[in-house]
Amino acid sequence: MGRYFGTDGFRGKAGKDLTAEHAFRIGRFLGWYYKKQKGGTARIVIGKDTRKSSYMYENALAAGITSMGSDAYLLHVTTTPCVSYITRTEEFDCGVMISASHNPFYDNGIKLMNHEGEKMDDDTIELFEEYLDGYFHEDPSVREASLEKFPLRDETVENIGMTKDFYSGRNRYIGYLTGIPTRSFEKHTVALDCANGASWMIARAVFDALGAKTCVINDLPDGTNINRDCGSTHLEALKEYVKTHKVDCGFAFDGDADRCLAVDENGNEINGDGIMYICAKWMKKHDMLPSNTVVTTIMSNIGLYKALDDLGIGYEKTAVGDRFVYENMKEFDHMIGGEQSGHIIFRKYAHTGDGLVTALMLMGVMIDTSLPLSALAAPCRIYPQVLKNVEVDDKDETLADPAVQFAVERAKKELGDDGRVLLRKSGTEPVLRVMAEAGTKEACEKEVDDIITAMKQSNHLLKVR
């Protein structure tokens with residue numbers, strides 16, 4: 001059997017790769033495992049995004065949890081960072097978010113969080129894997145052995161758990177967010193793209209409460225339009241709205257609102273690297289960056305590093321994934337980190353990427369400095385970047401091939417300090433990601449294509465996607 005959980009939960013096609021039975025079995029394991037850990041009824045909180053399949057998974061999870069004698073608290077439609085915040089502050093045993101983030105509606109996922117609202121640790125996930133492998137195995141003897149190790153037995157009558165509506169948790173999260181800024185937004189007009197997703201009610205409520213003139217687009221979810229040509233993966237509509245309506249800035253969230261990208265007053269995108277630059281610079285000035293370090297991934301742009309060098313701010317580089325960013329921040333006590341995609345973590349306020357916290361922080365910098373986003377972002381020059389996905393016969397053999405290594409080293413020498421190249425293995429496909437950054441897009445294309453040519457000449461290349 002294969003692995004069910006990746007770096008961001010159990011994700012797949014709704015009803016096919018991820019079924020209602022999967023959700024029910026995960027709920028049963030959650031209810032059993034945490035009741036056993038606690039020595040009594042466990043309390044598990046669940047949130048979901050606006051995909052129509054999310055309602056099915058919510059019911060299945062709750063049924064599984066309560067069948068084991070634990071209680072399920074339903075936040076209903078809310079954001080991933082809301083589930084994280086409520087899990088931590090309301091002392092739940094764990095949290096569950098039903099979402100496939102920025103993916104189309106026909107995908108869905110189940111994300112698990114520990115009692116601190118952090119992504120579930122690997123050891124516990126391994127137990128989930130072992131249980132699911134055993135339960136769904138074709139061999140009856142394997143299933144029987146699994147039942148002996150994981151003796152999940154239905155509770156009956158008065159010992160069955162309860163499912164409780166917990167709308168109040170969502171309101172507490174909104175109250176928490178409105179308490180973060182220290183100044184009113186009343187002189188600013190802000191556009192929000194809610195991606196027809198989990199933030200569609202919360203985002204407006206927060207910005208209205210802070211006094212902004214709030215304009216919201218893509219806030220009419222119908223179960224199938226989440227992330228469709230909108231949100232942080234499709235900024236075209238927000239850019240056009242900002243320019244046409246002459247608003248001060250725009251913020252785009254993804255389906256579960258753990259990401260945020262910004263659009264300045266001229267309709268230009270400010271990605272996660274630009275956001276980290278703006279906020280880190282401001283945080284350093286206000287003594288909110290005690291380690292003087294920003295945590296990035298290896299995919300952050302060379303322009304960010306050059307801009308941070310100019311400010312005298314250090315940086316860490318982790319593997320791709322907000323989980324790795326957070327782990328580094330927690331271990332070494334760093335206060336800001338994130339990814340180009342808009343997963344930005346402000347550790348003072350959240351244990352996960354939070355798109356709304358990111359938007360509030362950027363607004364705070366704008367108001368404090370009396371500068372527009374375009375001026376705040378200007379010193380951080382984002383270099384042109386080209387990324388191509390190359391299907392190969394063997395990822396490790398391709399990376400070790402002398403001709404490929406020679407092409408990479410030659411590209412590095414040619415670009416010098418004015419660019420970089422990066423080869424990265426896909427974690428799920430027979431694919432190498434070939435990336436280059438340089439002063440011009442043409443230079444990027446040349447270096448990437450030269451490396452791909454070396455793969456082809458060494459007979460490793462299958463196709464360029």
# chains A, B, ... in the order shown; residues from 1 in each chain; ligands from 1
$ residues_around --residues "region 79-94 of chain A" --least-positions-apart "2" --cutoff "9 Å" --atoms "only C-alpha atoms" --output "VMD selection string"
chain A and resid 30 34 38 42 to 49 75 77 96 to 99 101 111 to 120 169 to 170 172 to 174 197 to 199 202 255 to 258 350 to 356
$ select_by_dssp --residues "region 388-426 of chain A" --states "strand (DSSP E or B)" --output "list of chain:residue names"
A:Lys388, A:Asn389, A:Val390, A:Glu391, A:Val392, A:Arg420, A:Val421, A:Leu422, A:Leu423, A:Arg424, A:Lys425
$ residues_around --residues "region 448-462 of chain A" --least-positions-apart "3" --cutoff "7 Å" --atoms "only C-alpha atoms" --output "ChimeraX atom specification"
/A:391-393,398,403-404,407-408,434-436,444-445
$ residues_around --residues "region 440-442 of chain A" --least-positions-apart "3" --cutoff "10 Å" --atoms "only C-alpha atoms" --output "mmCIF file with C-alpha atoms, in the first residue's frame"
data_model
loop_
_atom_site.group_PDB
_atom_site.id
_atom_site.type_symbol
_atom_site.label_atom_id
_atom_site.label_comp_id
_atom_site.auth_asym_id
_atom_site.auth_seq_id
_atom_site.Cartn_x
_atom_site.Cartn_y
_atom_site.Cartn_z
ATOM 1 C CA TYR A 383 14.854 38.791 -10.585
ATOM 2 C CA PRO A 384 13.283 37.112 -13.636
ATOM 3 C CA GLN A 385 12.857 33.391 -13.069
ATOM 4 C CA VAL A 386 12.284 30.422 -15.385
ATOM 5 C CA GLY A 419 21.881 34.927 -10.811
ATOM 6 C CA ALA A 436 17.279 29.723 -13.169
ATOM 7 C CA GLU A 437 17.238 33.350 -12.042
ATOM 8 C CA GLU A 445 15.847 30.491 -20.583
ATOM 9 C CA LYS A 446 19.346 29.881 -21.942
ATOM 10 C CA GLU A 447 20.725 28.363 -18.736
#
$ closest_residue --among "A:Gln405, A:Asn171, A:Asn301, A:Asn103" --to "Thr78 (chain A)" --atoms "only C-alpha atoms"
A:Asn171
$ select_by_dssp --residues "region 249-285 of chain A" --states "helix (DSSP H, G or I)" --output "list in words"
Gly272, Asp273, Gly274, Ile275, Met276, Tyr277, Ile278, Cys279, Ala280, Lys281, Trp282, Met283, Lys284 and Lys285 of chain A
$ atom_distance --atom1 "CA of Asp229 (chain A)" --atom2 "CA of Arg204 (chain A)"
20.2 Å
$ closest_residue --among "A:Lys16, A:Lys425, A:Arg25, A:Lys36" --to "Ala319 (chain A)" --atoms "only C-alpha atoms"
A:Lys425
$ decode --residues "region 110-150 of chain A" --atoms "N, CA and C atoms" --output "mmCIF file, in the first residue's frame"
data_model
loop_
_atom_site.group_PDB
_atom_site.id
_atom_site.type_symbol
_atom_site.label_atom_id
_atom_site.label_comp_id
_atom_site.auth_asym_id
_atom_site.auth_seq_id
_atom_site.Cartn_x
_atom_site.Cartn_y
_atom_site.Cartn_z
ATOM 1 N N ILE A 110 -7.433 16.344 3.924
ATOM 2 C CA ILE A 110 -7.632 16.356 5.366
ATOM 3 C C ILE A 110 -6.289 16.670 6.017
ATOM 4 N N LYS A 111 -6.217 17.827 6.673
ATOM 5 C CA LYS A 111 -4.997 18.258 7.346
ATOM 6 C C LYS A 111 -5.170 18.060 8.845
ATOM 7 N N LEU A 112 -4.171 17.483 9.481
ATOM 8 C CA LEU A 112 -4.221 17.197 10.908
ATOM 9 C C LEU A 112 -3.255 18.097 11.671
ATOM 10 N N MET A 113 -3.705 18.576 12.815
ATOM 11 C CA MET A 113 -2.886 19.462 13.650
ATOM 12 C C MET A 113 -2.806 18.916 15.068
ATOM 13 N N ASN A 114 -1.674 19.149 15.739
ATOM 14 C CA ASN A 114 -1.545 18.741 17.131
ATOM 15 C C ASN A 114 -2.213 19.760 18.054
ATOM 16 N N HIS A 115 -2.091 19.571 19.352
ATOM 17 C CA HIS A 115 -2.788 20.433 20.308
ATOM 18 C C HIS A 115 -2.266 21.864 20.306
ATOM 19 N N GLU A 116 -1.114 22.086 19.697
ATOM 20 C CA GLU A 116 -0.572 23.442 19.588
ATOM 21 C C GLU A 116 -0.981 24.118 18.278
ATOM 22 N N GLY A 117 -1.800 23.455 17.482
ATOM 23 C CA GLY A 117 -2.207 24.029 16.208
ATOM 24 C C GLY A 117 -1.129 23.928 15.149
ATOM 25 N N GLU A 118 -0.123 23.083 15.397
ATOM 26 C CA GLU A 118 0.957 22.855 14.436
ATOM 27 C C GLU A 118 0.650 21.605 13.617
ATOM 28 N N LYS A 119 1.316 21.460 12.476
ATOM 29 C CA LYS A 119 1.119 20.261 11.678
ATOM 30 C C LYS A 119 1.510 19.030 12.488
ATOM 31 N N MET A 120 0.730 17.967 12.310
ATOM 32 C CA MET A 120 0.925 16.755 13.094
ATOM 33 C C MET A 120 2.331 16.207 12.907
ATOM 34 N N ASP A 121 2.905 15.687 13.992
ATOM 35 C CA ASP A 121 4.267 15.172 13.929
ATOM 36 C C ASP A 121 4.326 13.869 13.134
ATOM 37 N N ASP A 122 5.512 13.565 12.618
ATOM 38 C CA ASP A 122 5.694 12.396 11.751
ATOM 39 C C ASP A 122 5.382 11.079 12.452
ATOM 40 N N ASP A 123 5.726 10.958 13.723
ATOM 41 C CA ASP A 123 5.492 9.706 14.442
ATOM 42 C C ASP A 123 4.005 9.370 14.512
ATOM 43 N N THR A 124 3.180 10.377 14.783
ATOM 44 C CA THR A 124 1.737 10.147 14.845
ATOM 45 C C THR A 124 1.176 9.856 13.460
ATOM 46 N N ILE A 125 1.666 10.575 12.459
ATOM 47 C CA ILE A 125 1.221 10.313 11.086
ATOM 48 C C ILE A 125 1.564 8.885 10.673
ATOM 49 N N GLU A 126 2.704 8.396 11.097
ATOM 50 C CA GLU A 126 3.082 7.012 10.780
ATOM 51 C C GLU A 126 2.085 6.015 11.363
ATOM 52 N N LEU A 127 1.550 6.310 12.534
ATOM 53 C CA LEU A 127 0.531 5.444 13.116
ATOM 54 C C LEU A 127 -0.741 5.455 12.275
ATOM 55 N N PHE A 128 -1.125 6.643 11.787
ATOM 56 C CA PHE A 128 -2.263 6.727 10.867
ATOM 57 C C PHE A 128 -2.016 5.868 9.633
ATOM 58 N N GLU A 129 -0.819 5.997 9.069
ATOM 59 C CA GLU A 129 -0.476 5.235 7.865
ATOM 60 C C GLU A 129 -0.596 3.730 8.125
ATOM 61 N N GLU A 130 -0.061 3.308 9.248
ATOM 62 C CA GLU A 130 -0.065 1.881 9.577
ATOM 63 C C GLU A 130 -1.498 1.368 9.761
ATOM 64 N N TYR A 131 -2.306 2.166 10.454
ATOM 65 C CA TYR A 131 -3.701 1.772 10.665
ATOM 66 C C TYR A 131 -4.459 1.689 9.340
ATOM 67 N N LEU A 132 -4.347 2.714 8.506
ATOM 68 C CA LEU A 132 -5.064 2.722 7.227
ATOM 69 C C LEU A 132 -4.574 1.621 6.308
ATOM 70 N N ASP A 133 -3.252 1.414 6.281
ATOM 71 C CA ASP A 133 -2.694 0.323 5.474
ATOM 72 C C ASP A 133 -3.302 -1.021 5.874
ATOM 73 N N GLY A 134 -3.377 -1.235 7.197
ATOM 74 C CA GLY A 134 -3.923 -2.492 7.675
ATOM 75 C C GLY A 134 -5.396 -2.634 7.379
ATOM 76 N N TYR A 135 -6.161 -1.574 7.623
ATOM 77 C CA TYR A 135 -7.612 -1.647 7.449
ATOM 78 C C TYR A 135 -7.991 -1.887 5.990
ATOM 79 N N PHE A 136 -7.311 -1.200 5.063
ATOM 80 C CA PHE A 136 -7.680 -1.296 3.650
ATOM 81 C C PHE A 136 -6.904 -2.386 2.906
ATOM 82 N N HIS A 137 -6.120 -3.175 3.603
ATOM 83 C CA HIS A 137 -5.317 -4.205 2.944
ATOM 84 C C HIS A 137 -6.216 -5.327 2.419
ATOM 85 N N GLU A 138 -5.806 -5.908 1.279
ATOM 86 C CA GLU A 138 -6.593 -6.981 0.666
ATOM 87 C C GLU A 138 -6.472 -8.295 1.424
ATOM 88 N N ASP A 139 -5.393 -8.481 2.140
ATOM 89 C CA ASP A 139 -5.143 -9.740 2.851
ATOM 90 C C ASP A 139 -5.857 -9.722 4.209
ATOM 91 N N PRO A 140 -6.813 -10.641 4.423
ATOM 92 C CA PRO A 140 -7.556 -10.666 5.700
ATOM 93 C C PRO A 140 -6.648 -10.821 6.919
ATOM 94 N N SER A 141 -5.555 -11.578 6.775
ATOM 95 C CA SER A 141 -4.663 -11.776 7.918
ATOM 96 C C SER A 141 -3.979 -10.475 8.317
ATOM 97 N N VAL A 142 -3.656 -9.645 7.323
ATOM 98 C CA VAL A 142 -3.049 -8.340 7.611
ATOM 99 C C VAL A 142 -4.067 -7.451 8.316
ATOM 100 N N ARG A 143 -5.310 -7.493 7.852
ATOM 101 C CA ARG A 143 -6.356 -6.693 8.495
ATOM 102 C C ARG A 143 -6.569 -7.141 9.941
ATOM 103 N N GLU A 144 -6.533 -8.436 10.160
ATOM 104 C CA GLU A 144 -6.724 -8.969 11.503
ATOM 105 C C GLU A 144 -5.580 -8.544 12.434
ATOM 106 N N ALA A 145 -4.363 -8.581 11.914
ATOM 107 C CA ALA A 145 -3.210 -8.159 12.710
ATOM 108 C C ALA A 145 -3.311 -6.674 13.061
ATOM 109 N N SER A 146 -3.826 -5.891 12.121
ATOM 110 C CA SER A 146 -3.996 -4.462 12.361
ATOM 111 C C SER A 146 -5.015 -4.227 13.471
ATOM 112 N N LEU A 147 -6.091 -5.030 13.473
ATOM 113 C CA LEU A 147 -7.118 -4.880 14.498
ATOM 114 C C LEU A 147 -6.576 -5.207 15.888
ATOM 115 N N GLU A 148 -5.639 -6.136 15.944
ATOM 116 C CA GLU A 148 -5.030 -6.466 17.228
ATOM 117 C C GLU A 148 -4.174 -5.310 17.749
ATOM 118 N N LYS A 149 -3.457 -4.656 16.832
ATOM 119 C CA LYS A 149 -2.608 -3.536 17.249
ATOM 120 C C LYS A 149 -3.428 -2.283 17.532
ATOM 121 N N PHE A 150 -4.482 -2.093 16.734
ATOM 122 C CA PHE A 150 -5.325 -0.901 16.881
ATOM 123 C C PHE A 150 -6.759 -1.370 17.171
#
